[in-house]
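Enquirer: Here it is: the structure, laid out below.
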Amino acid sequence: MTGVTEDSATRPRAGTADPIPAGAVPDPVADDPDSPARRSWRRRTAIEMVVSGVIGLYTSFVLSVEAWHLAADPDATFACDISSVISCGTVARTWQAELLGFPNAFLGIAFEVVVITISVAAIGGVRFPRWFMLGTQALYTVALAFAYWLFLQSYFVIGALCPWCLLITVTTTLVWAGLTRWNVRDGHLRLPGRAGPWARDFVAAGWDWYVTAAWLVLLAAAILLKYGPSLLG
C-alpha cells in the first residue's frame with residue numbers, strides 16, 4: 001500500500017511517490033504526511049482535541065471536588081441537583097461512581113492529561129510513532145467504553161443523570177473521534193483491502209464529523225424520549 005499506509009520512516013517525501021503494485025488499490029490521500037497541508041490538518045485536529053480535553057479535565061476536577069464533599073457529608077447537595085432525574089448527588093452515591101474503589105473522576109483527570117499532552121505536542125509539530133498512537137487509541141477507547149458504561153448505568157439502572165457526567169461523555173466522544181480521525185488519516189489504523197483507502201478518503205473529506213454529530217444528536221434524543229418533561233421537574 002502506498003504513502004499513508006507505510007510507517008513514517010518509510011513514507012515518501014514531498015514531490016515523490018511510491019509505485020503502486022499490480023492489483024493494489026490506489027490510496028486517494030497518499031499525500032506526503034510532512035507536507036504543509038497535512039501538518040495544518042493534523043494541527044487543527046489536535047486543537048479540537050485540546051479544547052475537548054480541557055473541558056473534560058475541568059469537568060473531572062469538578063466531579064472530584066464533589067466526591068470529596070460527599071465523602072465529608074453524605075447528605076450534601078450540589079448545584080447540579082436540579083430534579084429527581086438531573087442529580088449529580090444521586091449518581092455520586094452509587095457504587096457505579098466508584099467502580100475501582102475511588103471516584104471515577106480521578107480516572108478522567110488521568111485520561112484527559114494524557115490526551116492534552118499529546119495534542120499540545122502535535123500542535124507544536126511533534127509526530128509520534130505508530131505503536132505510540134495505537135497505544136493511545138487503545139487507552140482512550142477504554143475511556144470511551146467506561147464513559148458509556150456509566151451513561152448506560154445512569155440511563156437504565158440508576159434512573160438519574162449527572163450533568164457533569166453527561167458533559168464528560170460528550171467530550172470523551174469528541175476526543176476519541178478526533179484521535180481516531182488522526183490515526184486513520186495518518187495510516188496508523190489500517191483497514192484491510194479497499195476499506196483502508198475508503199476510510200482515509202472519508203476522513204480527509206471531513207465526513208466523520210457528520211457521523212459524530214449525528215451520534216451526539218441521537219444521544220440527546222434518547223435522553224429526551226426517556227425522561228421528557230421530568231428532566232426539570
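For the C-alpha cells, the naming scheme is as follows: chains receive sequential letters (A, B, ...) according to their order of presentation, residues are indexed from 1 within each chain, and ligands are indexed from 1 in presentation order.
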Would you list the contacts of A:Leu219 as a JSON list (two decimals) with N, CA and C atoms, in the first residue's frame, taking every protein, DNA or RNA residue within 12 Å and counting only C-alpha atoms, but skipping same-chain residues closer than 6 positions in sequence?
Expert:
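Contents of selection_17.json, freshly written:
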[["chain", "number", "residue", "atom", "x", "y", "z"],
["A", 148, "TYR", "N", -19.36, 5.43, 28.46],
["A", 148, "TYR", "CA", -20.67, 4.98, 28.00],
["A", 148, "TYR", "C", -21.26, 3.91, 28.92],
["A", 151, "PHE", "N", -22.84, 5.98, 31.51],
["A", 151, "PHE", "CA", -24.06, 6.60, 30.96],
["A", 151, "PHE", "C", -25.20, 5.58, 30.93],
["A", 152, "LEU", "N", -24.93, 4.37, 30.46],
["A", 152, "LEU", "CA", -25.96, 3.34, 30.38],
["A", 152, "LEU", "C", -26.45, 2.93, 31.76],
["A", 155, "TYR", "N", -28.70, 5.69, 32.81],
["A", 155, "TYR", "CA", -29.90, 5.73, 31.97],
["A", 155, "TYR", "C", -30.87, 4.60, 32.31],
["A", 166, "LEU", "N", -22.59, 13.73, 31.91],
["A", 166, "LEU", "CA", -23.01, 13.81, 30.51],
["A", 166, "LEU", "C", -22.02, 14.62, 29.69],
["A", 167, "LEU", "N", -21.51, 15.71, 30.28],
["A", 167, "LEU", "CA", -20.52, 16.52, 29.58],
["A", 167, "LEU", "C", -19.25, 15.72, 29.33],
["A", 169, "THR", "N", -19.13, 12.52, 28.92],
["A", 169, "THR", "CA", -19.45, 11.59, 27.84],
["A", 169, "THR", "C", -19.30, 12.27, 26.48],
["A", 170, "VAL", "N", -19.77, 13.50, 26.38],
["A", 170, "VAL", "CA", -19.67, 14.24, 25.11],
["A", 170, "VAL", "C", -18.21, 14.54, 24.76],
["A", 173, "THR", "N", -16.32, 11.48, 23.75],
["A", 173, "THR", "CA", -16.70, 11.10, 22.39],
["A", 173, "THR", "C", -15.95, 11.94, 21.36],
["A", 212, "THR", "N", -20.14, 11.87, 13.87],
["A", 212, "THR", "CA", -20.01, 12.20, 15.29],
["A", 212, "THR", "C", -21.17, 13.08, 15.76],
["A", 213, "ALA", "N", -21.50, 14.09, 14.96],
["A", 213, "ALA", "CA", -22.60, 15.00, 15.31],
["A", 213, "ALA", "C", -23.92, 14.23, 15.37],
["A", 225, "LEU", "N", -36.43, 11.43, 24.95],
["A", 225, "LEU", "CA", -37.53, 10.48, 24.77],
["A", 225, "LEU", "C", -37.82, 9.71, 26.06],
["A", 226, "LYS", "N", -36.78, 9.41, 26.82],
["A", 226, "LYS", "CA", -36.99, 8.63, 28.05],
["A", 226, "LYS", "C", -37.54, 9.49, 29.19]]
Enquirer: Applying 8 Å and only C-alpha atoms, which residues near A:Phe78 remain after dropping the ones on its own chain fewer than 4 positions away? List them as an NGL selection string.
Expert: :A and (66 or 88-89)
Enquirer: Going by DSSP on the backbone, which bits of stretch 49-109 of chain A are alpha helix (DSSP H)? Write them as number ranges by chain, please.
Expert: A: 49-72, 88-92, 104-109
Enquirer: Could those residues be written to a file, using C-alpha atoms, as an mmCIF file, in the first residue's frame?
Expert:
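Result file selection_9.cif:
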data_model
loop_
_atom_site.group_PDB
_atom_site.id
_atom_site.type_symbol
_atom_site.label_atom_id
_atom_site.label_comp_id
_atom_site.auth_asym_id
_atom_site.auth_seq_id
_atom_site.Cartn_x
_atom_site.Cartn_y
_atom_site.Cartn_z
ATOM 1 C CA MET A 49 -8.826 17.562 20.883
ATOM 2 C CA VAL A 50 -7.189 20.063 23.257
ATOM 3 C CA VAL A 51 -10.419 22.058 23.562
ATOM 4 C CA SER A 52 -12.465 18.935 24.305
ATOM 5 C CA GLY A 53 -9.753 17.609 26.612
ATOM 6 C CA VAL A 54 -9.555 20.827 28.639
ATOM 7 C CA ILE A 55 -13.339 20.862 29.082
ATOM 8 C CA GLY A 56 -13.199 17.214 30.141
ATOM 9 C CA LEU A 57 -10.349 17.914 32.552
ATOM 10 C CA TYR A 58 -12.226 20.790 34.175
ATOM 11 C CA THR A 59 -15.334 18.632 34.473
ATOM 12 C CA SER A 60 -13.311 15.825 36.067
ATOM 13 C CA PHE A 61 -11.925 18.277 38.624
ATOM 14 C CA VAL A 62 -15.441 19.469 39.464
ATOM 15 C CA LEU A 63 -16.621 15.888 39.953
ATOM 16 C CA SER A 64 -13.559 15.143 42.106
ATOM 17 C CA VAL A 65 -14.313 18.089 44.378
ATOM 18 C CA GLU A 66 -17.929 16.972 44.672
ATOM 19 C CA ALA A 67 -16.744 13.470 45.613
ATOM 20 C CA TRP A 68 -14.623 14.929 48.423
ATOM 21 C CA HIS A 69 -17.577 16.965 49.689
ATOM 22 C CA LEU A 70 -19.783 13.895 49.565
ATOM 23 C CA ALA A 71 -17.222 11.855 51.491
ATOM 24 C CA ALA A 72 -17.213 14.501 54.241
ATOM 25 C CA CYS A 88 -25.225 14.677 40.489
ATOM 26 C CA GLY A 89 -25.687 13.603 44.110
ATOM 27 C CA THR A 90 -27.912 10.661 43.239
ATOM 28 C CA VAL A 91 -25.376 9.299 40.763
ATOM 29 C CA ALA A 92 -22.390 10.046 43.001
ATOM 30 C CA ASN A 104 -14.301 7.724 38.591
ATOM 31 C CA ALA A 105 -13.388 11.378 38.099
ATOM 32 C CA PHE A 106 -9.799 10.586 39.109
ATOM 33 C CA LEU A 107 -9.544 8.359 36.046
ATOM 34 C CA GLY A 108 -10.955 11.171 33.945
ATOM 35 C CA ILE A 109 -8.194 13.508 35.120
#
Enquirer: Considering only C-alpha atoms, return as a CSV table (one decimal) with N, CA and C atoms, in the first residue's frame whatever protein or nucleic-acid residues lie within 10 Å of stretch 79-84 of chain A, sequence-local ones (same chain, fewer than 5 positions apart) excluded.
Expert:
chain,number,residue,atom,x,y,z
A,89,GLY,N,-25.8,14.3,42.8
A,89,GLY,CA,-25.7,13.6,44.1
A,89,GLY,C,-26.2,12.2,44.0
A,90,THR,N,-27.3,12.0,43.4
A,90,THR,CA,-27.9,10.7,43.2
A,90,THR,C,-26.9,9.7,42.6
A,159,GLY,N,-31.4,5.6,37.1
A,159,GLY,CA,-32.6,6.3,36.8
A,159,GLY,C,-32.4,7.8,37.0
A,160,ALA,N,-31.1,8.3,37.1
A,160,ALA,CA,-30.8,9.7,37.2
A,160,ALA,C,-29.6,10.0,36.4
A,161,LEU,N,-29.5,11.3,36.0
A,161,LEU,CA,-28.4,11.7,35.1
A,161,LEU,C,-27.6,12.8,35.8
A,162,CYS,N,-26.3,12.7,35.7
A,162,CYS,CA,-25.4,13.8,36.2
A,162,CYS,C,-25.0,14.7,35.1
A,163,PRO,N,-25.3,16.0,35.1
A,163,PRO,CA,-24.9,16.9,34.0
A,163,PRO,C,-23.4,16.9,33.7
A,164,TRP,N,-22.6,16.8,34.8
A,164,TRP,CA,-21.2,16.8,34.6
A,164,TRP,C,-20.7,15.5,33.9
A,230,SER,N,-39.8,15.5,32.8
A,230,SER,CA,-39.3,15.2,34.1
A,230,SER,C,-37.8,15.6,34.3
A,231,LEU,N,-37.2,16.0,33.2
A,231,LEU,CA,-35.8,16.4,33.3
A,231,LEU,C,-35.7,17.6,34.2
A,232,LEU,N,-36.7,18.5,34.2
A,232,LEU,CA,-36.6,19.7,35.0
A,232,LEU,C,-37.5,19.8,36.2
A,233,GLY,N,-38.3,18.7,36.3
A,233,GLY,CA,-39.3,18.8,37.4
A,233,GLY,C,-39.3,17.6,38.3
Enquirer: From the options A:Tyr227, A:Phe202, A:Trp207, A:Trp182, which residue's atoms come nearest to A:Arg44, counting only C-alpha atoms?
Expert: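 Counting only C-alpha atoms, the residue closest to A:Arg44 is A:Trp182.
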Enquirer: Suppose you want the space between atom CA of A:Asp186 and atom CA of A:Thr172; what is it in Å?
Expert: 21.0 Å
Enquirer: To one decimal in Å, tell me the separation between atom CA of A:Tyr140 and atom CA of A:Trp176.
Expert: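 The value is 6.5 Å.
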Enquirer: One decimal, Å: what's the distance from atom CA of A:Ile168 over to atom CA of A:Arg93, could you say?
Expert: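 Separating atom CA of A:Ile168 from atom CA of A:Arg93 is a distance of 17.9 Å.
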Enquirer: Can you work out which one of A:Ser40, A:Gln137, A:Asp73, A:Ile86 has the shortest atom-to-atom distance to A:Gly228, counting only C-alpha atoms?
Expert: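 Closest to A:Gly228 of all the choices is A:Ile86.
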